[in-house]
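K.L.:
The file below is model-v3.cif, mmCIF, C-alpha atoms, pLDDT in the B column; chains and numbers go by the auth columns:
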data_coords
#
loop_
_atom_site.group_PDB
_atom_site.id
_atom_site.type_symbol
_atom_site.label_atom_id
_atom_site.label_comp_id
_atom_site.label_asym_id
_atom_site.label_seq_id
_atom_site.Cartn_x
_atom_site.Cartn_y
_atom_site.Cartn_z
_atom_site.B_iso_or_equiv
_atom_site.auth_seq_id
_atom_site.auth_asym_id
ATOM 1 C CA MET A 1 39.628 101.322 99.587 81.00 1 R
ATOM 2 C CA VAL A 2 37.271 103.443 97.484 92.00 2 R
ATOM 3 C CA ALA A 3 33.708 104.137 98.640 94.00 3 R
ATOM 4 C CA GLN A 4 31.015 102.293 96.727 95.00 4 R
ATOM 5 C CA LEU A 5 28.031 104.390 95.630 96.00 5 R
ATOM 6 C CA THR A 6 24.994 104.343 97.889 95.00 6 R
ATOM 7 C CA ASP A 7 21.650 103.182 96.494 95.00 7 R
ATOM 8 C CA ASP A 8 20.487 106.795 96.065 97.00 8 R
ATOM 9 C CA GLU A 9 23.741 107.783 94.342 96.00 9 R
ATOM 10 C CA ARG A 10 23.491 104.746 92.048 96.00 10 R
ATOM 11 C CA LYS A 11 19.909 105.682 91.073 96.00 11 R
ATOM 12 C CA ALA A 12 21.036 109.221 90.217 96.00 12 R
ATOM 13 C CA VAL A 13 23.893 107.864 88.092 94.00 13 R
ATOM 14 C CA LEU A 14 21.592 105.525 86.195 94.00 14 R
ATOM 15 C CA ALA A 15 19.207 108.416 85.522 96.00 15 R
ATOM 16 C CA GLU A 16 22.063 110.638 84.319 94.00 16 R
ATOM 17 C CA PHE A 17 23.618 107.982 82.083 95.00 17 R
ATOM 18 C CA SER A 18 20.529 106.591 80.395 94.00 18 R
ATOM 19 C CA ASP A 19 22.585 105.316 77.429 97.00 19 R
ATOM 20 C CA TRP A 20 24.584 103.098 79.763 98.00 20 R
ATOM 21 C CA GLU A 21 23.351 99.670 80.880 97.00 21 R
ATOM 22 C CA TYR A 22 23.520 98.600 84.496 97.00 22 R
ATOM 23 C CA ASP A 23 24.788 95.144 85.465 97.00 23 R
ATOM 24 C CA PRO A 24 23.566 94.470 89.016 95.00 24 R
ATOM 25 C CA LYS A 25 25.668 91.308 89.373 94.00 25 R
ATOM 26 C CA ARG A 26 28.870 93.298 88.933 95.00 26 R
ATOM 27 C CA ASP A 27 27.520 96.677 90.069 96.00 27 R
ATOM 28 C CA ALA A 28 28.886 98.085 86.814 97.00 28 R
ATOM 29 C CA ILE A 29 27.740 100.261 83.936 98.00 29 R
ATOM 30 C CA SER A 30 28.535 99.589 80.299 98.00 30 R
ATOM 31 C CA ARG A 31 27.948 101.162 76.944 98.00 31 R
ATOM 32 C CA LYS A 32 28.517 100.168 73.330 98.00 32 R
ATOM 33 C CA PHE A 33 29.850 102.804 70.943 98.00 33 R
ATOM 34 C CA ALA A 34 29.968 102.701 67.131 98.00 34 R
ATOM 35 C CA PHE A 35 32.088 105.036 65.027 98.00 35 R
ATOM 36 C CA ALA A 36 32.492 105.674 61.314 98.00 36 R
ATOM 37 C CA ASP A 37 35.649 103.584 61.057 98.00 37 R
ATOM 38 C CA PHE A 38 38.592 102.137 62.971 98.00 38 R
ATOM 39 C CA ALA A 39 40.536 105.410 63.003 98.00 39 R
ATOM 40 C CA GLU A 40 37.655 107.242 64.690 98.00 40 R
ATOM 41 C CA ALA A 41 37.190 104.435 67.226 98.00 41 R
ATOM 42 C CA PHE A 42 40.918 104.377 67.960 98.00 42 R
ATOM 43 C CA ALA A 43 41.048 108.167 68.371 98.00 43 R
ATOM 44 C CA PHE A 44 38.183 107.945 70.875 98.00 44 R
ATOM 45 C CA MET A 45 39.949 105.157 72.765 98.00 45 R
ATOM 46 C CA THR A 46 43.158 107.204 72.834 98.00 46 R
ATOM 47 C CA ARG A 47 41.393 110.209 74.381 98.00 47 R
ATOM 48 C CA VAL A 48 39.784 107.939 76.988 98.00 48 R
ATOM 49 C CA ALA A 49 43.086 106.143 77.680 98.00 49 R
ATOM 50 C CA ILE A 50 44.998 109.382 78.257 98.00 50 R
ATOM 51 C CA HIS A 51 42.380 110.622 80.707 97.00 51 R
ATOM 52 C CA ALA A 52 42.100 107.222 82.428 98.00 52 R
ATOM 53 C CA GLU A 53 45.854 107.017 82.924 97.00 53 R
ATOM 54 C CA LYS A 54 45.978 110.508 84.448 97.00 54 R
ATOM 55 C CA ALA A 55 43.049 109.623 86.730 96.00 55 R
ATOM 56 C CA ASP A 56 44.587 106.210 87.557 95.00 56 R
ATOM 57 C CA HIS A 57 41.223 104.613 86.812 95.00 57 R
ATOM 58 C CA HIS A 58 41.071 102.329 83.811 95.00 58 R
ATOM 59 C CA PRO A 59 38.014 101.043 81.955 97.00 59 R
ATOM 60 C CA GLU A 60 37.403 97.506 80.870 97.00 60 R
ATOM 61 C CA TRP A 61 36.969 97.662 77.132 98.00 61 R
ATOM 62 C CA PHE A 62 36.758 95.687 73.949 98.00 62 R
ATOM 63 C CA ASN A 63 37.337 96.948 70.421 98.00 63 R
ATOM 64 C CA VAL A 64 36.659 95.468 67.009 98.00 64 R
ATOM 65 C CA TYR A 65 37.078 97.738 63.988 98.00 65 R
ATOM 66 C CA ASN A 66 34.647 100.648 64.565 98.00 66 R
ATOM 67 C CA LYS A 67 33.027 99.344 67.749 98.00 67 R
ATOM 68 C CA VAL A 68 34.124 100.005 71.329 98.00 68 R
ATOM 69 C CA ASP A 69 32.429 98.427 74.361 98.00 69 R
ATOM 70 C CA ILE A 70 33.251 99.978 77.735 98.00 70 R
ATOM 71 C CA THR A 71 32.461 98.691 81.227 98.00 71 R
ATOM 72 C CA LEU A 72 33.068 100.780 84.323 98.00 72 R
ATOM 73 C CA THR A 73 33.353 99.430 87.846 97.00 73 R
ATOM 74 C CA THR A 74 35.867 99.984 90.620 97.00 74 R
ATOM 75 C CA HIS A 75 37.557 96.779 91.672 92.00 75 R
ATOM 76 C CA ASP A 76 38.501 98.052 95.119 90.00 76 R
ATOM 77 C CA ALA A 77 35.149 99.691 95.974 93.00 77 R
ATOM 78 C CA GLY A 78 33.359 98.079 98.884 80.00 78 R
ATOM 79 C CA GLN A 79 33.976 94.430 99.694 82.00 79 R
ATOM 80 C CA ASN A 80 33.497 92.996 96.205 85.00 80 R
ATOM 81 C CA GLY A 81 33.971 96.001 93.948 92.00 81 R
ATOM 82 C CA GLY A 82 31.265 98.107 92.373 95.00 82 R
ATOM 83 C CA LEU A 83 30.355 101.554 91.165 97.00 83 R
ATOM 84 C CA SER A 84 32.195 104.472 92.704 97.00 84 R
ATOM 85 C CA GLN A 85 32.527 108.191 92.064 96.00 85 R
ATOM 86 C CA ARG A 86 35.599 107.331 89.996 97.00 86 R
ATOM 87 C CA ASP A 87 33.336 105.512 87.512 97.00 87 R
ATOM 88 C CA VAL A 88 30.921 108.432 87.408 97.00 88 R
ATOM 89 C CA ASP A 89 33.743 110.864 86.696 97.00 89 R
ATOM 90 C CA LEU A 90 35.162 108.644 83.961 98.00 90 R
ATOM 91 C CA ALA A 91 31.728 108.134 82.376 98.00 91 R
ATOM 92 C CA ARG A 92 31.227 111.922 82.274 97.00 92 R
ATOM 93 C CA GLN A 93 34.605 112.359 80.604 97.00 93 R
ATOM 94 C CA ILE A 94 33.834 109.609 78.085 98.00 94 R
ATOM 95 C CA GLU A 95 30.527 111.277 77.238 97.00 95 R
ATOM 96 C CA SER A 96 32.349 114.568 76.650 97.00 96 R
ATOM 97 C CA TYR A 97 34.370 112.929 73.846 97.00 97 R
ATOM 98 C CA LEU A 98 31.304 112.084 71.770 93.00 98 R
#
Re-express the file's structure as structure tokens.

P.N.:
Amino acid sequence: MVAQLTDDERKAVLAEFSDWEYDPKRDAISRKFAFADFAEAFAFMTRVAIHAEKADHHPEWFNVYNKVDITLTTHDAGQNGGLSQRDVDLARQIESYL
């Protein structure tokens, strides 16, 4: 089982990732991205997918043409899932691709 973030850690994450929205019901963060076209969106998703596979931590995402919506939560964190350091690390990597 993966450790769920503490309240203080969660607050720090939300301050760091101000472009991400917090969903308290799922204890998840999400962000919507828009790119110039499908090729740019797909290239972004490919970079994220390669990193996620290596880290064995996969985002929930949705793509239509130039838009990509990403949600991060760890399904085996705590009793019911929630934010973990794995989500923080993946969010940082995602931000580095912008």

K.L.:
Using the chain letters and numbering of this document, enumerate as a VMD selection string the residues selected by the PyMOL selection byres ((chain R and resi 90) around 9).

P.N.:
chain R and resid 48 51 to 52 55 57 to 59 72 85 to 89 91 to 95

K.L.:
So what does the PyMOL selection byres ((chain R and resi 79) around 12) actually pick up in this one, as a PDB file with C-alpha atoms, keeping the file's coordinate frame?

P.N.:
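To be explicit, this is the file written out as part10.pdb:
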ATOM      1  CA  MET R   1      39.628 101.322  99.587  1.00 81.00           C
ATOM      2  CA  VAL R   2      37.271 103.443  97.484  1.00 92.00           C
ATOM      3  CA  ALA R   3      33.708 104.137  98.640  1.00 94.00           C
ATOM      4  CA  GLN R   4      31.015 102.293  96.727  1.00 95.00           C
ATOM      5  CA  ARG R  26      28.870  93.298  88.933  1.00 95.00           C
ATOM      6  CA  ASP R  27      27.520  96.677  90.069  1.00 96.00           C
ATOM      7  CA  THR R  74      35.867  99.984  90.620  1.00 97.00           C
ATOM      8  CA  HIS R  75      37.557  96.779  91.672  1.00 92.00           C
ATOM      9  CA  ASP R  76      38.501  98.052  95.119  1.00 90.00           C
ATOM     10  CA  ALA R  77      35.149  99.691  95.974  1.00 93.00           C
ATOM     11  CA  GLY R  78      33.359  98.079  98.884  1.00 80.00           C
ATOM     12  CA  ASN R  80      33.497  92.996  96.205  1.00 85.00           C
ATOM     13  CA  GLY R  81      33.971  96.001  93.948  1.00 92.00           C
ATOM     14  CA  GLY R  82      31.265  98.107  92.373  1.00 95.00           C
ATOM     15  CA  LEU R  83      30.355 101.554  91.165  1.00 97.00           C
TER      16      LEU R  83
END

K.L.:
Mind listing whatever residues come within 9 Å of the point (26.1, 97.2, 82.4)? Use only C-alpha atoms, file coordinates, and give them as a PDB file with C-alpha atoms, in the coordinates of the input.

P.N.:
ATOM      1  CA  TRP R  20      24.584 103.098  79.763  1.00 98.00           C
ATOM      2  CA  GLU R  21      23.351  99.670  80.880  1.00 97.00           C
ATOM      3  CA  TYR R  22      23.520  98.600  84.496  1.00 97.00           C
ATOM      4  CA  ASP R  23      24.788  95.144  85.465  1.00 97.00           C
ATOM      5  CA  PRO R  24      23.566  94.470  89.016  1.00 95.00           C
ATOM      6  CA  ARG R  26      28.870  93.298  88.933  1.00 95.00           C
ATOM      7  CA  ASP R  27      27.520  96.677  90.069  1.00 96.00           C
ATOM      8  CA  ALA R  28      28.886  98.085  86.814  1.00 97.00           C
ATOM      9  CA  ILE R  29      27.740 100.261  83.936  1.00 98.00           C
ATOM     10  CA  SER R  30      28.535  99.589  80.299  1.00 98.00           C
ATOM     11  CA  ARG R  31      27.948 101.162  76.944  1.00 98.00           C
ATOM     12  CA  ILE R  70      33.251  99.978  77.735  1.00 98.00           C
ATOM     13  CA  THR R  71      32.461  98.691  81.227  1.00 98.00           C
ATOM     14  CA  LEU R  72      33.068 100.780  84.323  1.00 98.00           C
TER      15      LEU R  72
END

K.L.:
Could you pull the residues within 12 Å of Met45 of chain R, counting only C-alpha atoms, minus those fewer than 6 positions along the same chain, as an MDAnalysis selection string?

P.N.:
chainID R and resid 33:35 38:39 51:53 58:70 93:94 97:98

K.L.:
Please measure the separation of atom CA of Ser84 of chain R and atom CA of Val13 of chain R, giving the value in Å to one decimal.

P.N.:
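Going from atom CA of Ser84 of chain R over to atom CA of Val13 of chain R, I get 10.1 Å.
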